[in-house]
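Engineer: What follows is start_28.pdb, made up of PDB, C-alpha atoms, pLDDT in the B column:
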ATOM      1  CA  SER A   8      27.946  15.366  11.051  1.00 87.00           C
ATOM      2  CA  GLN A   9      25.369  17.542   9.405  1.00 88.00           C
ATOM      3  CA  THR A  10      21.707  16.692   9.178  1.00 92.00           C
ATOM      4  CA  ILE A  11      18.774  18.440   7.606  1.00 95.00           C
ATOM      5  CA  HIS A  12      15.189  18.083   8.742  1.00 95.00           C
ATOM      6  CA  GLN A  13      11.960  18.951   7.023  1.00 97.00           C
ATOM      7  CA  TRP A  14       8.417  18.798   8.289  1.00 94.00           C
ATOM      8  CA  PRO A  15       5.777  17.848   7.795  1.00 95.00           C
ATOM      9  CA  ALA A  16       6.540  14.855   5.593  1.00 95.00           C
ATOM     10  CA  THR A  17       3.156  15.010   3.893  1.00 96.00           C
ATOM     11  CA  LEU A  18       0.437  17.609   3.843  1.00 96.00           C
ATOM     12  CA  VAL A  19      -3.032  17.823   2.329  1.00 97.00           C
ATOM     13  CA  GLN A  20      -4.452  21.308   2.260  1.00 97.00           C
ATOM     14  CA  PRO A  21      -7.546  22.918   0.735  1.00 97.00           C
ATOM     15  CA  VAL A  22      -7.220  25.628  -1.870  1.00 97.00           C
ATOM     16  CA  GLY A  23      -6.968  29.029  -0.269  1.00 96.00           C
ATOM     17  CA  SER A  24      -5.504  27.803   2.995  1.00 97.00           C
ATOM     18  CA  PRO A  25      -2.147  29.021   4.351  1.00 97.00           C
ATOM     19  CA  LEU A  26       1.067  27.045   4.239  1.00 96.00           C
ATOM     20  CA  SER A  27       4.138  26.796   6.394  1.00 97.00           C
ATOM     21  CA  LEU A  28       6.926  24.320   5.707  1.00 97.00           C
ATOM     22  CA  GLU A  29       9.953  24.271   7.922  1.00 97.00           C
ATOM     23  CA  CYS A  30      13.514  23.210   7.330  1.00 97.00           C
ATOM     24  CA  THR A  31      16.310  23.097   9.882  1.00 97.00           C
ATOM     25  CA  VAL A  32      19.941  22.161   9.582  1.00 97.00           C
ATOM     26  CA  GLU A  33      22.175  20.793  12.316  1.00 95.00           C
ATOM     27  CA  GLY A  34      25.915  20.455  12.533  1.00 93.00           C
ATOM     28  CA  THR A  35      26.984  23.436  10.463  1.00 92.00           C
ATOM     29  CA  SER A  36      26.886  27.198  10.654  1.00 90.00           C
ATOM     30  CA  ASN A  37      26.068  29.888   8.113  1.00 90.00           C
ATOM     31  CA  PRO A  38      24.980  27.487   5.395  1.00 92.00           C
ATOM     32  CA  ASN A  39      23.377  28.569   2.159  1.00 92.00           C
ATOM     33  CA  LEU A  40      19.787  27.360   2.207  1.00 95.00           C
ATOM     34  CA  TYR A  41      17.494  26.540  -0.692  1.00 95.00           C
ATOM     35  CA  TRP A  42      13.878  25.635  -1.408  1.00 96.00           C
ATOM     36  CA  TYR A  43      13.078  23.568  -4.487  1.00 95.00           C
ATOM     37  CA  ARG A  44       9.839  22.246  -5.877  1.00 95.00           C
ATOM     38  CA  GLN A  45       9.537  19.122  -7.936  1.00 93.00           C
ATOM     39  CA  ALA A  46       6.332  18.598  -9.884  1.00 85.00           C
ATOM     40  CA  ALA A  47       5.264  15.449 -11.705  1.00 72.00           C
ATOM     41  CA  GLY A  48       8.101  13.461 -10.176  1.00 61.00           C
ATOM     42  CA  ARG A  49      10.840  15.126 -12.195  1.00 73.00           C
ATOM     43  CA  GLY A  50      12.707  18.380 -12.708  1.00 88.00           C
ATOM     44  CA  LEU A  51      13.892  20.524  -9.821  1.00 93.00           C
ATOM     45  CA  GLN A  52      12.661  24.087  -9.775  1.00 92.00           C
ATOM     46  CA  LEU A  53      14.565  26.461  -7.512  1.00 92.00           C
ATOM     47  CA  LEU A  54      12.130  28.660  -5.591  1.00 94.00           C
ATOM     48  CA  PHE A  55      14.250  30.566  -3.085  1.00 94.00           C
ATOM     49  CA  TYR A  56      17.740  30.642  -1.714  1.00 92.00           C
ATOM     50  CA  SER A  57      19.383  32.384   1.197  1.00 92.00           C
ATOM     51  CA  VAL A  58      23.015  33.164   1.953  1.00 90.00           C
ATOM     52  CA  GLY A  59      22.320  34.488   5.444  1.00 90.00           C
ATOM     53  CA  ILE A  60      19.744  35.446   8.064  1.00 92.00           C
ATOM     54  CA  GLY A  61      17.075  37.650   6.575  1.00 89.00           C
ATOM     55  CA  GLN A  62      18.598  37.424   3.084  1.00 89.00           C
ATOM     56  CA  ILE A  63      16.194  35.799   0.644  1.00 90.00           C
ATOM     57  CA  SER A  64      16.459  35.617  -3.123  1.00 88.00           C
ATOM     58  CA  SER A  65      13.425  34.622  -5.133  1.00 87.00           C
ATOM     59  CA  GLU A  66      13.852  32.750  -8.372  1.00 83.00           C
ATOM     60  CA  VAL A  67      10.227  32.311  -9.361  1.00 80.00           C
ATOM     61  CA  PRO A  68       7.517  34.948  -8.803  1.00 64.00           C
ATOM     62  CA  GLN A  69       4.456  33.269  -7.318  1.00 80.00           C
ATOM     63  CA  ASN A  70       2.295  33.212  -4.240  1.00 89.00           C
ATOM     64  CA  LEU A  71       5.007  31.619  -2.118  1.00 94.00           C
ATOM     65  CA  SER A  72       7.448  33.372   0.191  1.00 95.00           C
ATOM     66  CA  ALA A  73      10.407  32.326   2.265  1.00 96.00           C
ATOM     67  CA  SER A  74      12.005  33.502   5.451  1.00 96.00           C
ATOM     68  CA  ARG A  75      15.148  32.736   7.394  1.00 96.00           C
ATOM     69  CA  PRO A  76      14.588  33.823  10.981  1.00 95.00           C
ATOM     70  CA  GLN A  77      17.610  31.932  12.292  1.00 95.00           C
ATOM     71  CA  ASP A  78      20.914  30.850  10.823  1.00 95.00           C
ATOM     72  CA  ARG A  79      19.856  27.247  10.324  1.00 95.00           C
ATOM     73  CA  GLN A  80      16.125  27.627   9.829  1.00 96.00           C
ATOM     74  CA  PHE A  81      14.385  28.175   6.524  1.00 97.00           C
ATOM     75  CA  ILE A  82      10.628  28.526   6.198  1.00 97.00           C
ATOM     76  CA  LEU A  83       8.451  28.359   3.102  1.00 97.00           C
ATOM     77  CA  SER A  84       5.062  30.019   3.357  1.00 96.00           C
ATOM     78  CA  SER A  85       1.952  30.913   1.475  1.00 96.00           C
ATOM     79  CA  LYS A  86      -1.055  32.959   2.497  1.00 95.00           C
ATOM     80  CA  LYS A  87      -3.412  31.227   0.060  1.00 96.00           C
ATOM     81  CA  LEU A  88      -2.563  27.961  -1.641  1.00 96.00           C
ATOM     82  CA  LEU A  89      -3.395  27.276  -5.265  1.00 94.00           C
ATOM     83  CA  LEU A  90      -3.976  23.919  -6.899  1.00 94.00           C
ATOM     84  CA  SER A  91      -0.757  24.457  -8.830  1.00 91.00           C
ATOM     85  CA  ASP A  92       1.206  24.566  -5.572  1.00 93.00           C
ATOM     86  CA  SER A  93       0.896  20.805  -5.249  1.00 93.00           C
ATOM     87  CA  GLY A  94       4.223  19.045  -5.495  1.00 94.00           C
ATOM     88  CA  PHE A  95       7.235  17.757  -3.674  1.00 95.00           C
ATOM     89  CA  TYR A  96       9.157  20.440  -1.766  1.00 96.00           C
ATOM     90  CA  LEU A  97      12.796  19.930  -1.024  1.00 96.00           C
ATOM     91  CA  CYS A  98      15.018  21.954   1.237  1.00 97.00           C
ATOM     92  CA  ALA A  99      18.779  21.870   0.790  1.00 96.00           C
ATOM     93  CA  TRP A 100      21.819  23.317   2.469  1.00 95.00           C
ATOM     94  CA  SER A 101      25.231  23.986   0.994  1.00 91.00           C
ATOM     95  CA  ARG A 102      28.741  25.057   1.810  1.00 85.00           C
ATOM     96  CA  GLY A 103      29.997  23.857  -1.554  1.00 83.00           C
ATOM     97  CA  THR A 104      27.863  20.805  -2.192  1.00 89.00           C
ATOM     98  CA  GLN A 105      24.101  20.750  -1.841  1.00 93.00           C
ATOM     99  CA  TYR A 106      22.632  18.259   0.611  1.00 95.00           C
ATOM    100  CA  PHE A 107      18.912  17.701   0.573  1.00 96.00           C
ATOM    101  CA  GLY A 108      16.298  17.044   3.189  1.00 96.00           C
ATOM    102  CA  PRO A 109      13.712  14.261   3.016  1.00 96.00           C
ATOM    103  CA  GLY A 110      11.124  16.514   1.392  1.00 96.00           C
ATOM    104  CA  THR A 111       7.475  17.396   1.958  1.00 96.00           C
ATOM    105  CA  ARG A 112       4.732  16.105  -0.300  1.00 95.00           C
ATOM    106  CA  LEU A 113       2.032  18.751  -0.602  1.00 96.00           C
ATOM    107  CA  LEU A 114      -1.351  18.047  -2.121  1.00 96.00           C
ATOM    108  CA  VAL A 115      -3.685  20.983  -2.578  1.00 96.00           C
ATOM    109  CA  LEU A 116      -7.317  19.990  -3.124  1.00 96.00           C
TER     110      LEU A 116
ATOM    111  CA  ALA B  25      24.883  30.485 -19.048  1.00 76.00           C
ATOM    112  CA  GLN B  26      25.284  26.995 -17.741  1.00 87.00           C
ATOM    113  CA  LYS B  27      23.333  24.029 -19.025  1.00 94.00           C
ATOM    114  CA  VAL B  28      23.133  20.340 -18.204  1.00 97.00           C
ATOM    115  CA  THR B  29      21.663  17.808 -20.599  1.00 97.00           C
ATOM    116  CA  GLN B  30      20.649  14.300 -19.662  1.00 97.00           C
ATOM    117  CA  ALA B  31      19.377  13.005 -22.962  1.00 95.00           C
ATOM    118  CA  GLN B  32      18.217   9.664 -21.601  1.00 97.00           C
ATOM    119  CA  THR B  33      14.794  10.099 -20.076  1.00 95.00           C
ATOM    120  CA  GLU B  34      14.393   6.503 -18.985  1.00 97.00           C
ATOM    121  CA  ILE B  35      16.598   3.430 -19.086  1.00 98.00           C
ATOM    122  CA  SER B  36      15.391  -0.078 -18.418  1.00 98.00           C
ATOM    123  CA  VAL B  37      17.829  -2.925 -17.724  1.00 98.00           C
ATOM    124  CA  VAL B  38      17.811  -6.369 -16.237  1.00 98.00           C
ATOM    125  CA  GLU B  39      19.656  -6.985 -13.012  1.00 98.00           C
ATOM    126  CA  LYS B  40      23.421  -7.555 -13.346  1.00 97.00           C
ATOM    127  CA  GLU B  41      23.637  -5.557 -16.552  1.00 98.00           C
ATOM    128  CA  ASP B  42      26.016  -2.613 -16.702  1.00 98.00           C
ATOM    129  CA  VAL B  43      24.405   0.736 -17.440  1.00 98.00           C
ATOM    130  CA  THR B  44      25.789   4.178 -18.266  1.00 98.00           C
ATOM    131  CA  LEU B  45      23.937   7.402 -17.613  1.00 98.00           C
ATOM    132  CA  ASP B  46      25.019  10.262 -19.821  1.00 98.00           C
ATOM    133  CA  CYS B  47      25.523  13.859 -18.772  1.00 98.00           C
ATOM    134  CA  VAL B  48      26.662  16.663 -21.064  1.00 98.00           C
ATOM    135  CA  TYR B  49      27.228  20.150 -19.760  1.00 97.00           C
ATOM    136  CA  GLU B  50      27.835  23.657 -21.056  1.00 96.00           C
ATOM    137  CA  THR B  51      29.655  26.418 -19.240  1.00 93.00           C
ATOM    138  CA  ARG B  52      31.867  29.367 -20.033  1.00 89.00           C
ATOM    139  CA  ASP B  53      33.695  29.194 -16.736  1.00 87.00           C
ATOM    140  CA  THR B  54      37.026  27.459 -16.391  1.00 87.00           C
ATOM    141  CA  THR B  55      36.279  26.660 -12.762  1.00 88.00           C
ATOM    142  CA  TYR B  56      33.186  24.628 -12.107  1.00 91.00           C
ATOM    143  CA  TYR B  57      31.856  21.653 -10.206  1.00 92.00           C
ATOM    144  CA  LEU B  58      29.918  18.643 -11.392  1.00 95.00           C
ATOM    145  CA  PHE B  59      27.639  16.497  -9.266  1.00 96.00           C
ATOM    146  CA  TRP B  60      25.531  13.377  -9.406  1.00 97.00           C
ATOM    147  CA  TYR B  61      22.526  12.750  -7.172  1.00 97.00           C
ATOM    148  CA  LYS B  62      20.281   9.736  -6.751  1.00 98.00           C
ATOM    149  CA  GLN B  63      16.575  10.100  -6.036  1.00 96.00           C
ATOM    150  CA  PRO B  64      15.026   6.799  -4.955  1.00 95.00           C
ATOM    151  CA  PRO B  65      11.231   6.371  -4.777  1.00 91.00           C
ATOM    152  CA  SER B  66      11.249   7.804  -1.253  1.00 90.00           C
ATOM    153  CA  GLY B  67      12.059  11.179  -2.805  1.00 91.00           C
ATOM    154  CA  GLU B  68      15.146  12.406  -0.997  1.00 93.00           C
ATOM    155  CA  LEU B  69      18.028  13.415  -3.244  1.00 95.00           C
ATOM    156  CA  VAL B  70      21.152  11.604  -2.180  1.00 96.00           C
ATOM    157  CA  PHE B  71      24.519  13.128  -3.028  1.00 96.00           C
ATOM    158  CA  LEU B  72      26.798  10.707  -4.856  1.00 97.00           C
ATOM    159  CA  ILE B  73      29.822  12.602  -6.109  1.00 95.00           C
ATOM    160  CA  ARG B  74      31.334  16.005  -6.729  1.00 94.00           C
ATOM    161  CA  ARG B  75      34.098  16.705  -9.225  1.00 93.00           C
ATOM    162  CA  ASN B  76      35.887  19.993  -9.857  1.00 91.00           C
ATOM    163  CA  SER B  77      36.919  21.084 -13.310  1.00 92.00           C
ATOM    164  CA  PHE B  78      40.609  20.636 -12.605  1.00 91.00           C
ATOM    165  CA  ASP B  79      40.318  17.001 -11.640  1.00 88.00           C
ATOM    166  CA  GLU B  80      39.662  14.786 -14.634  1.00 86.00           C
ATOM    167  CA  GLN B  81      40.647  11.631 -12.856  1.00 86.00           C
ATOM    168  CA  ASN B  82      37.963   9.013 -13.070  1.00 88.00           C
ATOM    169  CA  GLU B  83      36.344   7.921  -9.830  1.00 90.00           C
ATOM    170  CA  ILE B  84      35.289   4.477  -8.737  1.00 91.00           C
ATOM    171  CA  SER B  85      33.224   3.699  -5.690  1.00 92.00           C
ATOM    172  CA  GLY B  86      32.157   0.095  -5.456  1.00 95.00           C
ATOM    173  CA  ARG B  87      29.873  -0.621  -8.397  1.00 96.00           C
ATOM    174  CA  TYR B  88      29.706   3.069  -9.300  1.00 97.00           C
ATOM    175  CA  SER B  89      32.174   4.817 -11.569  1.00 96.00           C
ATOM    176  CA  TRP B  90      32.328   8.240 -13.139  1.00 96.00           C
ATOM    177  CA  ASN B  91      34.041   9.317 -16.346  1.00 96.00           C
ATOM    178  CA  PHE B  92      34.801  13.028 -16.586  1.00 96.00           C
ATOM    179  CA  GLN B  93      35.986  14.226 -20.005  1.00 95.00           C
ATOM    180  CA  LYS B  94      36.444  17.952 -20.502  1.00 94.00           C
ATOM    181  CA  SER B  95      37.151  17.459 -24.203  1.00 94.00           C
ATOM    182  CA  THR B  96      33.572  16.322 -24.728  1.00 96.00           C
ATOM    183  CA  SER B  97      32.044  18.228 -21.781  1.00 96.00           C
ATOM    184  CA  SER B  98      30.706  15.015 -20.364  1.00 97.00           C
ATOM    185  CA  PHE B  99      30.458  13.522 -16.913  1.00 97.00           C
ATOM    186  CA  ASN B 100      29.016  10.053 -17.351  1.00 97.00           C
ATOM    187  CA  PHE B 101      27.996   7.673 -14.623  1.00 98.00           C
ATOM    188  CA  THR B 102      28.277   3.898 -14.905  1.00 98.00           C
ATOM    189  CA  ILE B 103      26.715   1.320 -12.653  1.00 98.00           C
ATOM    190  CA  THR B 104      28.311  -2.084 -12.929  1.00 97.00           C
ATOM    191  CA  ALA B 105      26.273  -5.218 -12.264  1.00 97.00           C
ATOM    192  CA  SER B 106      23.109  -3.239 -11.615  1.00 97.00           C
ATOM    193  CA  GLN B 107      20.755  -4.214  -8.809  1.00 98.00           C
ATOM    194  CA  VAL B 108      17.085  -3.596  -8.188  1.00 97.00           C
ATOM    195  CA  VAL B 109      18.028  -1.135  -5.429  1.00 96.00           C
ATOM    196  CA  ASP B 110      19.689   1.022  -8.082  1.00 98.00           C
ATOM    197  CA  SER B 111      16.253   1.851  -9.477  1.00 97.00           C
ATOM    198  CA  ALA B 112      15.897   5.602  -9.062  1.00 97.00           C
ATOM    199  CA  VAL B 113      16.028   8.901 -10.879  1.00 96.00           C
ATOM    200  CA  TYR B 114      19.578  10.162 -11.276  1.00 98.00           C
ATOM    201  CA  PHE B 115      20.383  13.837 -11.631  1.00 97.00           C
ATOM    202  CA  CYS B 116      23.525  15.433 -12.959  1.00 98.00           C
ATOM    203  CA  ALA B 117      24.250  19.015 -11.899  1.00 96.00           C
ATOM    204  CA  LEU B 118      26.740  21.796 -12.649  1.00 95.00           C
ATOM    205  CA  SER B 119      27.813  24.661 -10.422  1.00 91.00           C
ATOM    206  CA  GLU B 120      30.022  27.477 -11.642  1.00 84.00           C
ATOM    207  CA  GLY B 121      32.417  29.551  -9.563  1.00 67.00           C
ATOM    208  CA  PRO B 122      35.614  29.259  -7.565  1.00 55.00           C
ATOM    209  CA  SER B 123      34.058  27.568  -4.570  1.00 49.00           C
ATOM    210  CA  GLY B 124      30.716  26.237  -5.722  1.00 44.00           C
ATOM    211  CA  GLY B 125      29.389  27.499  -2.439  1.00 47.00           C
ATOM    212  CA  SER B 126      26.953  30.286  -2.947  1.00 56.00           C
ATOM    213  CA  TYR B 127      26.430  29.625  -6.614  1.00 69.00           C
ATOM    214  CA  ILE B 128      23.239  27.995  -7.734  1.00 84.00           C
ATOM    215  CA  PRO B 129      23.671  24.614  -9.418  1.00 90.00           C
ATOM    216  CA  THR B 130      21.914  23.821 -12.645  1.00 92.00           C
ATOM    217  CA  PHE B 131      20.330  20.389 -12.683  1.00 95.00           C
ATOM    218  CA  GLY B 132      19.630  18.155 -15.624  1.00 96.00           C
ATOM    219  CA  ARG B 133      16.126  16.815 -16.018  1.00 95.00           C
ATOM    220  CA  GLY B 134      17.130  13.452 -14.656  1.00 96.00           C
ATOM    221  CA  THR B 135      17.312   9.914 -15.986  1.00 97.00           C
ATOM    222  CA  SER B 136      14.949   7.317 -14.601  1.00 97.00           C
ATOM    223  CA  LEU B 137      16.708   3.983 -14.201  1.00 98.00           C
ATOM    224  CA  ILE B 138      14.568   0.887 -13.828  1.00 98.00           C
ATOM    225  CA  VAL B 139      16.340  -2.323 -12.935  1.00 98.00           C
ATOM    226  CA  HIS B 140      14.236  -5.448 -13.390  1.00 97.00           C
ATOM    227  CA  PRO B 141      14.938  -8.590 -11.370  1.00 96.00           C
TER     228      PRO B 141
END
Show this structure as structure tokens.
Structural biologist:
Amino acid sequence: SQTIHQWPATLVQPVGSPLSLECTVEGTSNPNLYWYRQAAGRGLQLLFYSVGIGQISSEVPQNLSASRPQDRQFILSSKKLLLSDSGFYLCAWSRGTQYFGPGTRLLVL
Amino acid sequence: AQKVTQAQTEISVVEKEDVTLDCVYETRDTTYYLFWYKQPPSGELVFLIRRNSFDEQNEISGRYSWNFQKSTSSFNFTITASQVVDSAVYFCALSEGPSGGSYIPTFGRGTSLIVHP
């Protein structure tokens, strides 16, 4: 069966610090991968998606970036965090239906 | 463009009541997929069901049932004999395309269900 992992589970970072969130999928190959952000406990905002290694599509221009160095690994990064980057970050994989990871709660202070 | 509307922002019921969560969608495609997800307080979105546009048969899974009506562009979700553990935010989503694979789903804004003991 397929599983999706995200870490860390929670993160508190100062403004201006870098960010790296990792997502890995097991039990499937060549999945589509997605990063979402959920602010204020509601509403999913798609940030990035990838249909293959090195292929990243950005949905929202901001100070975040994503990379897919391996088939089942998706990384969300930032060089300098802003207060507005606080939120709940969800990774998902899909081969028809999206399945979500447990999420990372990020608080930028 | 595709659109999903969940008009109910929050629903509050007492345990054992039946509750229906509404979902209305808009799409120009004849082939599309509809989904429901549950987001409990822990945060993870849990997949509940997927329906394709050619299958209007209603689905029942335990206390959960789904009513898909293309004539009204609705995909409603009913919980029978609600329980406190059903308290969560529920999202309806729509994905266009022949496979629903690489296409990006559109999510509704979610309905918060609170079940009181």
Engineer: Kindly resolve the ChimeraX specification (/A :<10) & /B on the present coordinates and return the residues as a ChimeraX atom specification.
Structural biologist: /B:57-59,61,63,65-71,73-74,113,115,119,122-136
Engineer: Next, write the just-selected residues to a file, as a PDB file, in the coordinates of the input, keeping C-alpha atoms as the atom set.
Structural biologist:
ATOM      1  CA  TYR B  57      31.856  21.653 -10.206  1.00 92.00           C
ATOM      2  CA  LEU B  58      29.918  18.643 -11.392  1.00 95.00           C
ATOM      3  CA  PHE B  59      27.639  16.497  -9.266  1.00 96.00           C
ATOM      4  CA  TYR B  61      22.526  12.750  -7.172  1.00 97.00           C
ATOM      5  CA  GLN B  63      16.575  10.100  -6.036  1.00 96.00           C
ATOM      6  CA  PRO B  65      11.231   6.371  -4.777  1.00 91.00           C
ATOM      7  CA  SER B  66      11.249   7.804  -1.253  1.00 90.00           C
ATOM      8  CA  GLY B  67      12.059  11.179  -2.805  1.00 91.00           C
ATOM      9  CA  GLU B  68      15.146  12.406  -0.997  1.00 93.00           C
ATOM     10  CA  LEU B  69      18.028  13.415  -3.244  1.00 95.00           C
ATOM     11  CA  VAL B  70      21.152  11.604  -2.180  1.00 96.00           C
ATOM     12  CA  PHE B  71      24.519  13.128  -3.028  1.00 96.00           C
ATOM     13  CA  ILE B  73      29.822  12.602  -6.109  1.00 95.00           C
ATOM     14  CA  ARG B  74      31.334  16.005  -6.729  1.00 94.00           C
ATOM     15  CA  VAL B 113      16.028   8.901 -10.879  1.00 96.00           C
ATOM     16  CA  PHE B 115      20.383  13.837 -11.631  1.00 97.00           C
ATOM     17  CA  SER B 119      27.813  24.661 -10.422  1.00 91.00           C
ATOM     18  CA  PRO B 122      35.614  29.259  -7.565  1.00 55.00           C
ATOM     19  CA  SER B 123      34.058  27.568  -4.570  1.00 49.00           C
ATOM     20  CA  GLY B 124      30.716  26.237  -5.722  1.00 44.00           C
ATOM     21  CA  GLY B 125      29.389  27.499  -2.439  1.00 47.00           C
ATOM     22  CA  SER B 126      26.953  30.286  -2.947  1.00 56.00           C
ATOM     23  CA  TYR B 127      26.430  29.625  -6.614  1.00 69.00           C
ATOM     24  CA  ILE B 128      23.239  27.995  -7.734  1.00 84.00           C
ATOM     25  CA  PRO B 129      23.671  24.614  -9.418  1.00 90.00           C
ATOM     26  CA  THR B 130      21.914  23.821 -12.645  1.00 92.00           C
ATOM     27  CA  PHE B 131      20.330  20.389 -12.683  1.00 95.00           C
ATOM     28  CA  GLY B 132      19.630  18.155 -15.624  1.00 96.00           C
ATOM     29  CA  ARG B 133      16.126  16.815 -16.018  1.00 95.00           C
ATOM     30  CA  GLY B 134      17.130  13.452 -14.656  1.00 96.00           C
ATOM     31  CA  THR B 135      17.312   9.914 -15.986  1.00 97.00           C
ATOM     32  CA  SER B 136      14.949   7.317 -14.601  1.00 97.00           C
TER      33      SER B 136
END
Engineer: The PyMOL selection byres ((chain A and resi 14) around 9) on the file shown: which residues, as a ChimeraX atom specification?
Structural biologist: /A:12-13,15-17,28-30,109-111
Engineer: Determine the residue membership of the PyMOL selection byres ((chain B and resi 52) around 12) for the file above and supply it as number ranges by chain.
Structural biologist: B: 25-27, 49-51, 53-56, 77, 97, 118-121
Engineer: Would you mind exporting C-alpha atoms of the selected residues as a CSV table (one decimal), keeping the file's coordinate frame?
Structural biologist:
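So out.csv came out as:
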chain,number,residue,atom,x,y,z
B,25,ALA,CA,24.9,30.5,-19.0
B,26,GLN,CA,25.3,27.0,-17.7
B,27,LYS,CA,23.3,24.0,-19.0
B,49,TYR,CA,27.2,20.2,-19.8
B,50,GLU,CA,27.8,23.7,-21.1
B,51,THR,CA,29.7,26.4,-19.2
B,53,ASP,CA,33.7,29.2,-16.7
B,54,THR,CA,37.0,27.5,-16.4
B,55,THR,CA,36.3,26.7,-12.8
B,56,TYR,CA,33.2,24.6,-12.1
B,77,SER,CA,36.9,21.1,-13.3
B,97,SER,CA,32.0,18.2,-21.8
B,118,LEU,CA,26.7,21.8,-12.6
B,119,SER,CA,27.8,24.7,-10.4
B,120,GLU,CA,30.0,27.5,-11.6
B,121,GLY,CA,32.4,29.6,-9.6
Engineer: Report, in Å with one decimal, the straight-line distance from atom CA of Thr96 of chain B to atom CA of Leu72 of chain B.
Structural biologist: 21.7 Å
Engineer: Which of these residues is nearest to Cys47 of chain B, using all atoms listed in the file: B:Ser98, B:Ala117, B:Val139, B:Gln107?
Structural biologist: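 Under the stated criterion, the closest residue is B:Ser98.
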Engineer: Quick one: distance from atom CA of Thr44 of chain B to atom CA of Glu80 of chain B in Å, one decimal?
Structural biologist: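 The value is 17.8 Å.
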